[in-house]
>>> print(open('structure01.txt').read())   # compact mmCIF, C-alpha atoms and all ligand atoms
# COMPACT_ATOMS: atom_id res chain seq x y z
CA MET A 1 33.77 11.52 5.11
CA THR A 2 31.27 13.18 7.41
CA VAL A 3 27.64 12.29 7.25
CA PRO A 4 25.36 15.31 7.62
CA MET A 5 23.19 14.91 10.66
CA MET A 6 19.56 15.84 10.62
CA GLN A 7 17.24 15.19 13.47
CA SER A 8 13.48 15.71 13.62
CA LEU A 9 11.89 16.84 16.86
CA THR A 10 8.47 18.03 17.96
CA GLY A 11 7.71 20.49 20.72
CA PHE A 12 4.67 22.18 22.20
CA VAL A 13 4.26 25.92 22.65
CA MET A 14 1.43 27.73 24.45
CA PRO A 15 0.95 31.50 24.37
CA VAL A 16 -1.12 32.89 27.25
CA GLY A 17 -2.26 36.42 28.04
CA ASN A 18 -5.25 38.74 27.82
CA GLY A 19 -7.51 38.84 24.76
CA ALA A 20 -6.18 40.74 21.73
CA VAL A 21 -2.53 40.77 22.80
CA GLY A 22 -1.67 38.90 19.60
CA LYS A 23 -1.42 35.22 20.61
CA THR A 24 -3.14 33.92 17.49
CA SER A 25 -1.34 36.43 15.27
CA VAL A 26 2.13 35.35 16.33
CA SER A 27 1.41 31.68 15.59
CA ARG A 28 -0.02 32.52 12.13
CA VAL A 29 2.83 34.81 11.19
CA LEU A 30 5.51 32.35 12.35
CA ASP A 31 3.86 29.83 10.05
CA VAL A 32 4.25 32.20 7.08
CA ILE A 33 7.88 32.98 7.95
CA SER A 34 8.83 29.34 8.50
CA ARG A 35 7.62 28.53 4.96
CA GLY A 36 9.97 31.16 3.63
CA SER A 37 7.04 33.17 2.28
CA LYS A 38 7.10 36.92 2.38
CA HIS A 39 5.24 38.38 5.33
CA ASP A 40 3.49 41.66 4.58
CA GLY A 41 1.28 42.00 7.67
CA GLU A 42 -1.85 41.15 5.64
CA ILE A 43 -2.47 37.81 7.39
CA ILE A 44 -3.13 39.33 10.82
CA ARG A 45 -5.79 41.73 9.58
CA ASP A 46 -8.78 39.45 9.84
CA ILE A 47 -8.00 37.20 12.77
CA ARG A 48 -11.05 36.43 14.86
CA LYS A 49 -11.39 36.11 18.61
CA THR A 50 -10.24 32.74 19.93
CA ASN A 51 -13.12 30.77 21.45
CA ASN A 52 -11.54 27.35 21.66
CA LEU A 53 -8.10 25.78 21.61
CA GLU A 54 -6.49 26.63 18.25
CA PHE A 55 -3.76 24.47 16.73
CA GLU A 56 -1.01 25.70 14.46
CA TYR A 57 1.87 23.54 13.25
CA ILE A 58 5.11 25.21 12.28
CA THR A 59 8.20 23.44 11.00
CA THR A 60 11.57 25.14 11.02
CA LYS A 61 15.07 23.95 10.13
CA GLN A 62 17.74 25.25 12.51
CA THR A 63 21.36 24.35 13.09
CA PHE A 64 22.81 24.15 16.60
CA GLY A 65 26.43 23.08 16.85
CA LYS A 66 27.07 20.42 14.20
CA THR A 67 23.51 19.21 13.98
CA THR A 68 20.70 20.51 11.82
CA TYR A 69 17.29 19.94 13.32
CA SER A 70 13.89 19.97 11.73
CA VAL A 71 11.73 21.17 14.60
CA THR A 72 7.96 21.00 14.46
CA LEU A 73 6.39 23.46 16.87
CA GLN A 74 2.86 22.58 17.81
CA PHE A 75 1.24 25.80 18.91
CA LEU A 76 -1.72 25.43 21.27
CA VAL A 77 -3.46 28.81 21.40
CA PRO A 78 -6.10 29.19 24.14
CA PRO A 79 -8.60 32.04 24.51
CA GLY A 80 -7.58 35.12 26.51
CA GLN A 81 -10.99 35.29 28.12
CA LYS A 82 -10.91 34.82 31.88
CA GLU A 83 -13.52 32.64 33.57
CA GLY A 84 -14.42 35.41 36.02
CA GLU A 85 -15.21 37.89 33.24
CA GLY A 86 -18.54 36.17 32.64
CA ASP A 87 -18.41 36.80 28.88
CA GLN A 88 -21.00 34.51 27.25
CA THR A 89 -19.77 34.95 23.68
CA GLY A 90 -17.11 32.24 23.86
CA ARG A 91 -15.32 29.74 26.05
CA SER A 92 -12.95 30.99 28.72
CA PHE A 93 -9.33 29.90 29.10
CA GLU A 94 -10.30 27.83 32.15
CA LYS A 95 -13.11 25.99 30.31
CA VAL A 96 -10.86 25.20 27.37
CA ILE A 97 -8.04 23.90 29.57
CA GLU A 98 -10.52 21.79 31.53
CA ILE A 99 -11.63 20.19 28.24
CA TYR A 100 -8.18 19.64 26.73
CA LYS A 101 -5.87 19.12 29.70
CA SER A 102 -5.60 15.37 29.23
CA MET A 103 -4.40 16.01 25.65
CA ILE A 104 -1.76 18.50 26.73
CA ARG A 105 1.06 16.18 27.68
CA ARG A 106 3.95 18.60 27.86
CA LEU A 107 4.67 22.22 27.17
CA ASP A 108 8.20 23.01 26.03
CA VAL A 109 7.68 26.76 25.98
CA VAL A 110 5.08 29.11 27.47
CA LEU A 111 4.82 32.58 25.92
CA PHE A 112 3.61 35.07 28.52
CA THR A 113 2.24 37.52 26.00
CA TYR A 114 1.45 41.18 26.53
CA ASP A 115 0.97 44.18 24.29
CA VAL A 116 3.85 46.66 24.76
CA VAL A 117 1.45 49.60 24.53
CA SER A 118 -0.91 48.24 27.21
CA LEU A 119 0.29 48.24 30.79
CA GLU A 120 -2.85 46.37 31.82
CA THR A 121 -1.96 43.36 29.67
CA PHE A 122 1.52 43.35 31.25
CA HIS A 123 0.25 43.47 34.84
CA ASP A 124 -2.39 40.83 34.10
CA LEU A 125 0.37 38.26 33.46
CA ALA A 126 0.16 37.70 37.23
CA TYR A 127 -3.22 36.13 36.46
CA TRP A 128 -1.95 33.99 33.59
CA VAL A 129 0.99 32.49 35.47
CA ASP A 130 -1.48 30.90 37.90
CA GLY A 131 -3.54 29.48 35.06
CA VAL A 132 -0.75 27.96 33.01
CA GLY A 133 1.53 26.95 35.92
CA LYS A 134 -0.07 23.56 36.38
CA LEU A 135 0.51 22.71 32.71
CA MET A 136 4.25 23.39 32.95
CA ASN A 137 6.85 20.76 33.77
CA ASP A 138 10.25 21.13 35.43
CA ASN A 139 11.97 21.98 32.13
CA THR A 140 9.37 24.21 30.49
CA HIS A 141 10.98 27.42 29.24
CA PHE A 142 9.14 30.69 29.15
CA ILE A 143 9.42 33.92 27.22
CA LEU A 144 8.02 37.20 28.44
CA LEU A 145 6.84 38.24 24.98
CA GLY A 146 5.89 41.82 24.16
CA THR A 147 3.87 42.24 20.94
CA HIS A 148 2.86 45.33 18.91
CA LEU A 149 6.48 46.52 18.86
CA ASP A 150 5.61 48.54 15.74
CA LEU A 151 3.35 50.74 17.89
CA LYS A 152 5.88 51.31 20.66
CA THR A 153 6.88 54.83 21.61
CA ALA A 154 9.44 55.78 24.24
CA SER A 155 6.91 56.23 27.05
CA GLU A 156 5.75 52.67 27.62
CA ILE A 157 6.89 49.76 29.77
CA THR A 158 10.58 50.20 30.57
CA MET A 159 13.30 47.56 30.24
CA GLU A 160 13.58 47.56 34.02
CA GLU A 161 9.88 46.82 34.42
CA VAL A 162 10.22 44.02 31.88
CA ARG A 163 13.16 42.49 33.78
CA ASN A 164 11.25 42.78 37.06
CA GLY A 165 8.24 41.19 35.38
CA MET A 166 10.36 38.23 34.31
CA GLU A 167 11.75 37.84 37.84
CA TYR A 168 8.21 37.97 39.23
CA LEU A 169 7.07 35.19 36.87
CA ARG A 170 10.14 33.11 37.73
CA LYS A 171 9.41 33.36 41.44
CA GLU A 172 5.73 32.53 40.97
CA ILE A 173 6.61 29.42 38.98
CA LEU A 174 9.19 28.35 41.56
CA MET A 175 6.60 28.72 44.31
CA MET A 176 4.25 26.41 42.43
CA LYS A 177 7.05 24.06 41.32
CA PRO A 178 10.16 24.20 43.53
CA SER A 179 11.94 21.73 41.23
CA TRP A 180 11.48 23.91 38.12
CA VAL A 181 14.75 24.47 36.21
CA GLY A 182 13.42 25.93 32.94
CA LYS A 183 15.08 28.87 31.23
CA CYS A 184 13.48 32.21 30.58
CA THR A 185 14.05 35.34 28.55
CA THR A 186 12.33 38.49 27.34
CA LEU A 187 11.63 39.48 23.74
CA GLU A 188 9.64 42.15 21.92
CA ILE A 189 8.20 41.44 18.50
CA SER A 190 5.85 42.81 15.89
CA SER A 191 3.54 40.48 14.04
CA LEU A 192 2.80 43.37 11.69
CA SER A 193 6.33 44.30 10.62
CA GLY A 194 7.86 40.90 11.39
CA GLU A 195 10.54 42.41 13.62
CA ASN A 196 12.29 39.81 15.82
CA LEU A 197 10.13 36.93 14.60
CA PRO A 198 13.12 34.97 13.21
CA VAL A 199 14.74 35.37 16.66
CA LEU A 200 11.62 33.99 18.30
CA LEU A 201 11.48 31.05 15.89
CA ARG A 202 15.10 30.14 16.61
CA TYR A 203 14.65 30.45 20.37
CA LEU A 204 11.58 28.18 20.26
CA ALA A 205 13.43 25.59 18.19
CA GLY A 206 16.44 25.81 20.54
CA SER A 207 14.20 25.23 23.57
CA VAL A 208 12.75 22.10 22.01
CA VAL A 209 16.22 20.80 21.14
CA MET A 210 17.42 21.44 24.70
CA SER A 211 14.48 19.71 26.32
CA HIS A 212 15.02 16.64 24.11
CA ILE A 213 18.74 16.53 24.93
CA LYS A 214 17.83 16.55 28.64
CA GLU A 215 15.67 13.45 28.33
N1 LIG B 301 0.06 46.60 15.04
C1 LIG B 301 0.07 45.33 15.47
N2 LIG B 301 -1.11 44.67 15.58
C2 LIG B 301 -1.08 43.39 16.03
C3 LIG B 301 0.13 42.75 16.39
N3 LIG B 301 -0.16 41.50 16.81
C4 LIG B 301 -1.50 41.36 16.71
N4 LIG B 301 -2.08 42.51 16.24
C5 LIG B 301 -3.52 42.79 16.07
O1 LIG B 301 -4.12 42.68 17.35
C6 LIG B 301 -5.41 42.11 17.26
C7 LIG B 301 -5.54 40.92 18.20
O2 LIG B 301 -4.68 39.87 17.76
P1 LIG B 301 -5.01 38.33 18.09
O3 LIG B 301 -3.91 37.53 17.49
O4 LIG B 301 -6.40 37.99 17.69
O5 LIG B 301 -4.89 38.35 19.68
P2 LIG B 301 -5.24 37.17 20.72
O6 LIG B 301 -6.61 37.45 21.23
O7 LIG B 301 -4.21 37.31 21.80
O8 LIG B 301 -5.13 35.87 19.99
C8 LIG B 301 -5.62 41.75 15.79
O9 LIG B 301 -6.40 42.77 15.22
C9 LIG B 301 -4.23 41.76 15.19
O10 LIG B 301 -4.27 42.16 13.85
C10 LIG B 301 1.36 43.49 16.27
O11 LIG B 301 2.47 43.02 16.57
N5 LIG B 301 1.25 44.76 15.81
MG MG B 302 -6.58 34.49 19.64
>>> encode(input="structure01.txt", output="structure tokens", more="lines below")
Ligand SMILES: Nc1nc2c(ncn2[C@@H]2O[C@H](COP(=O)(O)OP(=O)(O)O)[C@@H](O)[C@H]2O)c(=O)[nH]1
Ligand SMILES: [Mg+2]
Amino acid sequence: MTVPMMQSLTGFVMPVGNGAVGKTSVSRVLDVISRGSKHDGEIIRDIRKTNNLEFEYITTKQTFGKTTYSVTLQFLVPPGQKEGEGDQTGRSFEKVIEIYKSMIRRLDVVLFTYDVVSLETFHDLAYWVDGVGKLMNDNTHFILLGTHLDLKTASEITMEEVRNGMEYLRKEILMMKPSWVGKCTTLEISSLSGENLPVLLRYLAGSVVMSHIKE
């Protein structure tokens, strides 16, 4: 007789990127999907600007090999406001990280988030890799995550640019942390239509499982 195996794990995920790229939206929509509720795009309509560290807890059941895991993803969503922008209407990313850094023990996955219809948000990831680099450990995975896939037309950021962007981020991280061995990938999603969100959820769960196996 075989005993079904079920293991519970917790991991930490931080999306970073410019304001309004959809960091908060993706965490809220993954929550809806993970509960098995129907996602109709309504939930992202009245999301407010992030002025502090937001917490979202998502639990998903995923099977890898012979084991089924119940993975709790603790999303830590910081503001996309840069310290240098001098915006007085909320806390910057830097201020928030300064306040919470002792609480942030480990990040399993960083989501470098950009809006596929905004080249500026893609190029600005060079800024965000500096900011989040010191919170990463040697096994932290990252995803170069394009949002707003529902608005994409043929003319925007090419697959080649995306691949080059991922290579750039990899090199920047390795410069900061020569011992870094984390995995990385690219993915485009829509928090409005829900496209590719189940793929994202499974990848996040898989990353947490892998980092626990390594320990
Ligand atoms: N069409 C579309 N709108 C999105 C998507 N993701 C987020 N939004 C919208 O983009 C705006 C900014 O999203 P928000 O999650 O607040 O971005 P954040 O500042 O990075 O946390 C909101 O009005 C969302 O409704 C998406 O995939 N598609
Ligand atoms: Mg936000």
>>> closest_residue(input="structure01.txt", among="A:Val208, A:Val96, A:Leu151, A:Val109", to="Gln81 of chain A", atoms="all atoms listed in the file")
A:Val96
>>> closest_residue(input="structure01.txt", among="A:Asp150, A:Glu85, A:Glu56, A:Asp31", to="Glu188 of chain A", atoms="all atoms listed in the file")
A:Asp150
>>> residues_near_ligand(input="structure01.txt", ligand="ligand MG 302 (chain B)", cutoff="10 Å", atoms="only C-alpha atoms and all ligand atoms", output="MDAnalysis selection string")
chainID A and resid 15:27 47:54 77:81
>>> write_last_selection(input="structure01.txt", atoms="C-alpha atoms", output="mmCIF file, in the frame of the given file")
data_model
loop_
_atom_site.group_PDB
_atom_site.id
_atom_site.type_symbol
_atom_site.label_atom_id
_atom_site.label_comp_id
_atom_site.auth_asym_id
_atom_site.auth_seq_id
_atom_site.Cartn_x
_atom_site.Cartn_y
_atom_site.Cartn_z
ATOM 1 C CA PRO A 15 0.950 31.500 24.370
ATOM 2 C CA VAL A 16 -1.120 32.890 27.250
ATOM 3 C CA GLY A 17 -2.260 36.420 28.040
ATOM 4 C CA ASN A 18 -5.250 38.740 27.820
ATOM 5 C CA GLY A 19 -7.510 38.840 24.760
ATOM 6 C CA ALA A 20 -6.180 40.740 21.730
ATOM 7 C CA VAL A 21 -2.530 40.770 22.800
ATOM 8 C CA GLY A 22 -1.670 38.900 19.600
ATOM 9 C CA LYS A 23 -1.420 35.220 20.610
ATOM 10 C CA THR A 24 -3.140 33.920 17.490
ATOM 11 C CA SER A 25 -1.340 36.430 15.270
ATOM 12 C CA VAL A 26 2.130 35.350 16.330
ATOM 13 C CA SER A 27 1.410 31.680 15.590
ATOM 14 C CA ILE A 47 -8.000 37.200 12.770
ATOM 15 C CA ARG A 48 -11.050 36.430 14.860
ATOM 16 C CA LYS A 49 -11.390 36.110 18.610
ATOM 17 C CA THR A 50 -10.240 32.740 19.930
ATOM 18 C CA ASN A 51 -13.120 30.770 21.450
ATOM 19 C CA ASN A 52 -11.540 27.350 21.660
ATOM 20 C CA LEU A 53 -8.100 25.780 21.610
ATOM 21 C CA GLU A 54 -6.490 26.630 18.250
ATOM 22 C CA VAL A 77 -3.460 28.810 21.400
ATOM 23 C CA PRO A 78 -6.100 29.190 24.140
ATOM 24 C CA PRO A 79 -8.600 32.040 24.510
ATOM 25 C CA GLY A 80 -7.580 35.120 26.510
ATOM 26 C CA GLN A 81 -10.990 35.290 28.120
#
>>> closest_residue(input="structure01.txt", among="A:Arg170, A:Arg28, A:Lys134, A:Lys61", to="ligand LIG 301 (chain B)", atoms="only C-alpha atoms and all ligand atoms")
A:Arg28
>>> residues_around(input="structure01.txt", residues="Val162 of chain A", least_positions_apart="6", cutoff="10 Å", atoms="all atoms listed in the file", output="list in words")
Val116, Phe122, Leu144, Leu145, Gly146, Tyr168, Thr186 and Leu187 of chain A
>>> residues_around(input="structure01.txt", residues="segment 9-11 of chain A", least_positions_apart="6", cutoff="7 Å", atoms="only C-alpha atoms", output="CSV table (one decimal) with C-alpha atoms, keeping the file's coordinate frame")
chain,number,residue,atom,x,y,z
A,70,SER,CA,13.9,20.0,11.7
A,71,VAL,CA,11.7,21.2,14.6
A,72,THR,CA,8.0,21.0,14.5
A,73,LEU,CA,6.4,23.5,16.9
A,74,GLN,CA,2.9,22.6,17.8
A,108,ASP,CA,8.2,23.0,26.0
A,208,VAL,CA,12.8,22.1,22.0
>>> atom_distance(input="structure01.txt", atom1="atom CA of Ile189 of chain A", atom2="atom CA of Arg106 of chain A")
25.0 Å
>>> residues_around(input="structure01.txt", residues="Phe12 of chain A", least_positions_apart="6", cutoff="12 Å", atoms="all atoms listed in the file", output="mmCIF file with C-alpha atoms, in the coordinates of the input")
data_model
loop_
_atom_site.group_PDB
_atom_site.id
_atom_site.type_symbol
_atom_site.label_atom_id
_atom_site.label_comp_id
_atom_site.auth_asym_id
_atom_site.auth_seq_id
_atom_site.Cartn_x
_atom_site.Cartn_y
_atom_site.Cartn_z
ATOM 1 C CA PHE A 55 -3.760 24.470 16.730
ATOM 2 C CA GLU A 56 -1.010 25.700 14.460
ATOM 3 C CA TYR A 57 1.870 23.540 13.250
ATOM 4 C CA ILE A 58 5.110 25.210 12.280
ATOM 5 C CA THR A 59 8.200 23.440 11.000
ATOM 6 C CA VAL A 71 11.730 21.170 14.600
ATOM 7 C CA THR A 72 7.960 21.000 14.460
ATOM 8 C CA LEU A 73 6.390 23.460 16.870
ATOM 9 C CA GLN A 74 2.860 22.580 17.810
ATOM 10 C CA PHE A 75 1.240 25.800 18.910
ATOM 11 C CA LEU A 76 -1.720 25.430 21.270
ATOM 12 C CA VAL A 77 -3.460 28.810 21.400
ATOM 13 C CA MET A 103 -4.400 16.010 25.650
ATOM 14 C CA ILE A 104 -1.760 18.500 26.730
ATOM 15 C CA ARG A 105 1.060 16.180 27.680
ATOM 16 C CA ARG A 106 3.950 18.600 27.860
ATOM 17 C CA LEU A 107 4.670 22.220 27.170
ATOM 18 C CA ASP A 108 8.200 23.010 26.030
ATOM 19 C CA VAL A 109 7.680 26.760 25.980
ATOM 20 C CA VAL A 110 5.080 29.110 27.470
ATOM 21 C CA LEU A 111 4.820 32.580 25.920
ATOM 22 C CA LEU A 135 0.510 22.710 32.710
ATOM 23 C CA MET A 136 4.250 23.390 32.950
ATOM 24 C CA ASN A 137 6.850 20.760 33.770
ATOM 25 C CA THR A 140 9.370 24.210 30.490
ATOM 26 C CA HIS A 141 10.980 27.420 29.240
ATOM 27 C CA PHE A 142 9.140 30.690 29.150
ATOM 28 C CA LEU A 204 11.580 28.180 20.260
ATOM 29 C CA ALA A 205 13.430 25.590 18.190
ATOM 30 C CA SER A 207 14.200 25.230 23.570
ATOM 31 C CA VAL A 208 12.750 22.100 22.010
ATOM 32 C CA VAL A 209 16.220 20.800 21.140
ATOM 33 C CA SER A 211 14.480 19.710 26.320
ATOM 34 C CA HIS A 212 15.020 16.640 24.110
#
